[in-house]
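> Have a look at the structure that comes next, please.
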Amino acid sequence: MKKDDILRLEIIDIGADGAGIGKADGMTFFVKDAIIGDVVEAKIMKLKKSYGYARLMKVLEPSSCRVALVCPVAKQCGGCQIQEMAYEEQLRFKENKVRNNLIRIGGFAKDSLPMEPIVGMEEPFYYRNKAQFPVGTDKEGHIIAGFYAARSHYIIHNRKCYLGAEINEEILNRVISYMEREQVTAYDEASGKGLVRHVLIRCGFTTGEIMVCLVVNGDRLPKSEALVKSLQEIPGMTSISLNVNRERTNVILGHEVKVLWGRGYIEDYIGDVKYQISPLSFFQVNPVQTKKLYGLALEYAQLTGKETVWDLYCGIGTISLFLAQKAKQVYGVEIVPAAIEDAKNNAKINHIGNAEFYVGKAEDILPKYYEDYAAEHGGERAYADVIVVDPPRKGCDAALLETMLNMRPERIVYVSCDSATLARDLRVLCDGGYELIKVRPVDQFPMTTHVETVVLLSKGEIDSKKVRVEFSLEDMNMSGFQEGATYGQIKDYVLETSGLKVSSLYISQIKRKHGLEVGKNYNLSKKENARVPNCPLEKEQAITEALKHFHMI
């Protein structure tokens, strides 16, 4: 086989980025826009040793689950990866993704895995309450807004996104009409010139309140009263503001917000809990599924009103306040100070007095609390009835997992946005004596490959001495808990996406090359003057892609 050859491929799976996976002559090929069950004609675009990339030329035999695209620019836009797959099949794919990671990475037995059916949506479109539209100009100099194409900063012109709130299109039309009329320039990333960078829109699905925030390369907007007057005509408009971002960066939001009209926030509900949401607030983007997600977390916590609960990685207190309605006391921990301020304010406006919040890393706060408690109480063990964790994609830190095992809560509820790191952490907790009781995926992001999972763990007969010994063993490979992903995850990702097998030595070499920390003596030979092989270029590229995927570089 060689570049430009035409292949006939049956698509048997989907990769992490949504590309279809097929095999020919022992090689794995990734084909964008192909879905499971398709038989396609594809042209080889790039060949590696054991894998390649091919362009979809023709669907010879469409999958029984292939459907017509709703969005005309879905193939160009990076927002949807699997819109051409029937929604029922999307749910089946995501459920299998979670199950397979728990079996392959977590080492759980397939036959005894307590998987419950995935929670899907009745209406899998128009579910996002937040949208961030980059603004730029096309080749003719016309102002455009839309979304970035996959793996690029090239704007796909599109004012109607089928995942966002329907009102977004009218808001964009009014903003761009104002810019054209008043000759307000769009930002240009290459030169760093121009004013309007992004249009941020938030909608309260329960309250109907709307926020519009223009991210600008400056501190003022010319003739802003004209924009305000136009946007005020939209029913529900509540907050109009500027966000100042003069940095030459791809980070969307700056730190300073200037209110042009109305309040500096909107309000919305998840269940019976009210939240104030500013332009800088983190808030779940799918409120319909978030209510189901948090409802499951609350159900799994099995609260009676007598429990002490720790909510780690609590954000603005979304899960904490849900739990506080049924618990005796809730302690929330979050590293972002602004989020903790939001959490405290949200507790206040909901008249919730049994929730306290602390700023810091969960892996620092909880172990310190555990040690301080023992010192102050003559060695007595700090206790929690329930611990809830909702970590970022990298999962939980090793020190946090150890402290959780030492505290021995009756139940642990783990909410995960990455089933690979979830599987890794569950293995540690189950090896420490916990029993896996329930696993339930929740489709928080239809039309994409992402899936959330809620897990219930129950305390078994935990031997605390065994726990301490296991965590002191050198060969436990604690380097696997570094920020981003474990060595095993990186190996699995590289194998899945490129068909290459890479060693921990090669991974540590590439991590060092990108300035990432590895263990001081990790993978160094014990022999003097030993020759250490260098990572081949092909494997270096594959490992680098994995590091990017896990947001490590």
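Naming works like this for the structure tokens: A, B, ... for the chains as they're shown, residue 1 at the start of each chain, ligands 1 onward in shown order.
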I'd like the neighbourhood of region 84-95 of chain A as a list of chain:residue names, where a residue qualifies if any of its atoms comes within 7 Å (using only C-alpha atoms), though same-chain residues fewer than 3 positions away should be ignored.
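The filter keeps A:Ile35, A:Cys65, A:Arg66, A:Val67, A:Ala68, A:Leu69, A:Val98, A:Arg99, A:Ile118, A:Gly120, A:Pro441, A:Val451.
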> Near region 284-298 of chain A, counting only C-alpha atoms, which residues have an atom at most 10 Å away, once you skip same-chain residues fewer than 4 positions from it, shown as a ChimeraX atom specification?
/A:119-123,126-131,163-164,202-206,268-272,302-303,315,318-320,322-327,388-389,412-415,440-446,452-456
> Please measure the separation of CA of Ile507 (chain A) and CA of Ile490 (chain A), giving the value in Å to one decimal.
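Pair CA of Ile507 (chain A) / CA of Ile490 (chain A) returns 7.9 Å.
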> So which residues touch Lys258 (chain A) within 9 Å, counting only C-alpha atoms, skipping near sequence neighbours fewer than 4 positions away, as a PDB file with C-alpha atoms, in the first residue's frame?

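Output below, filename result-v9.pdb:
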ATOM      1  CA  ASP A 219     -11.357  48.244  27.203  1.00  0.00           C
ATOM      2  CA  ARG A 220     -14.255  49.928  25.403  1.00  0.00           C
ATOM      3  CA  ILE A 240     -24.775  42.821  28.382  1.00  0.00           C
ATOM      4  CA  SER A 241     -21.071  43.174  29.117  1.00  0.00           C
ATOM      5  CA  LEU A 242     -17.504  43.382  27.814  1.00  0.00           C
ATOM      6  CA  ASN A 243     -14.681  41.059  28.730  1.00  0.00           C
ATOM      7  CA  VAL A 244     -11.229  42.606  28.336  1.00  0.00           C
ATOM      8  CA  GLY A 264     -23.426  41.289  35.697  1.00  0.00           C
TER       9      GLY A 264
END
> Could you list, as a count of residues only, every residue within 10 Å of region 183-200 of chain A, counting only C-alpha atoms and ignoring same-chain residues fewer than 5 positions away?
48
> Which of these residues is nearest to Val359 (chain A), using only C-alpha atoms: A:Glu380, A:Asp38, A:Glu334, A:Glu341?
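Smallest distance to Val359 (chain A) is found for A:Glu334.
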> Given the choices A:Asn350, A:Thr486, A:Thr403, A:Thr544, which gets closest to Gln509 (chain A) if the distance is worked out from only C-alpha atoms?
A:Thr544
> Go through A:Gly107, A:Asp418, A:Val502, A:Ala542 and flag the residue nearest Asp431 (chain A), using only C-alpha atoms for the distances.
A:Gly107
> Could you give me, as a list in words, each residue of region 28-147 of chain A that DSSP assigns to helix (DSSP H, G or I) when run on this structure's backbone?
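Listing helix (DSSP H, G or I) positions across region 28-147 of chain A yields Tyr87, Glu88, Glu89, Gln90, Leu91, Arg92, Phe93, Lys94, Glu95, Asn96, Lys97, Val98, Arg99, Asn100, Asn101, Leu102, Ile103 and Arg104 of chain A.
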> Interatomic distance between CA of Glu61 (chain A) and CA of Glu10 (chain A)?
9.0 Å
> Quick one: everything within 12 Å of Tyr51 (chain A), counting only C-alpha atoms, minus sequence neighbours fewer than 4 positions away in the same chain. Send it as a list in words.
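So the residues in contact are Met1, Lys2, Ile21, Gly22, Lys23, Ala24, Asp25, Gly26, Met27, Thr28, Phe29, Phe30, Val31, Ile44, Met45, Lys46, Leu47, Val494, Leu495, Glu496, Thr497, Ser498, Gly499, Leu500, Lys501, Glu538, Lys539 and Ala542 of chain A.
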> Take the residues from that selection and put them in a file with C-alpha atoms, as a JSON list (two decimals), in the first residue's frame.

[["chain", "number", "residue", "atom", "x", "y", "z"],
["A", 1, "MET", "CA", 0.00, 0.00, 0.00],
["A", 2, "LYS", "CA", 1.06, 3.56, -0.68],
["A", 21, "ILE", "CA", -11.73, 2.92, 12.24],
["A", 22, "GLY", "CA", -11.25, 0.24, 9.60],
["A", 23, "LYS", "CA", -8.56, -2.36, 8.88],
["A", 24, "ALA", "CA", -6.85, -3.45, 5.67],
["A", 25, "ASP", "CA", -3.94, -5.89, 5.34],
["A", 26, "GLY", "CA", -3.28, -5.75, 9.08],
["A", 27, "MET", "CA", -3.15, -1.94, 9.16],
["A", 28, "THR", "CA", -5.51, 0.37, 11.00],
["A", 29, "PHE", "CA", -6.97, 3.32, 9.08],
["A", 30, "PHE", "CA", -8.76, 6.37, 10.47],
["A", 31, "VAL", "CA", -11.46, 7.83, 8.24],
["A", 44, "ILE", "CA", -4.86, 6.90, 1.72],
["A", 45, "MET", "CA", -3.58, 10.35, 2.72],
["A", 46, "LYS", "CA", -0.84, 9.43, 5.18],
["A", 47, "LEU", "CA", 0.87, 6.13, 5.96],
["A", 494, "VAL", "CA", -1.32, 5.63, 21.04],
["A", 495, "LEU", "CA", -2.22, 2.02, 20.27],
["A", 496, "GLU", "CA", -5.87, 2.91, 19.62],
["A", 497, "THR", "CA", -5.16, 5.88, 17.37],
["A", 498, "SER", "CA", -1.97, 4.81, 15.60],
["A", 499, "GLY", "CA", -1.62, 1.07, 16.03],
["A", 500, "LEU", "CA", 1.85, 1.58, 17.59],
["A", 501, "LYS", "CA", 3.09, 0.07, 20.83],
["A", 538, "GLU", "CA", 7.14, 7.96, 14.24],
["A", 539, "LYS", "CA", 6.48, 7.01, 17.87],
["A", 542, "ALA", "CA", 2.19, 9.52, 18.18]]
> Identify which of the residues A:Ala485, A:Val439, A:Ala362, A:Ser458 lies closest to Pro114 (chain A), counting only C-alpha atoms when measuring atom-to-atom distances.
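For Pro114 (chain A), the nearest of the given residues is A:Val439.
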> Near Tyr331 (chain A), within 7 Å and counting only C-alpha atoms, which residues show up once chain neighbours fewer than 5 positions away are dropped, as a VMD selection string?
chain A and resid 309 to 311 355 to 357
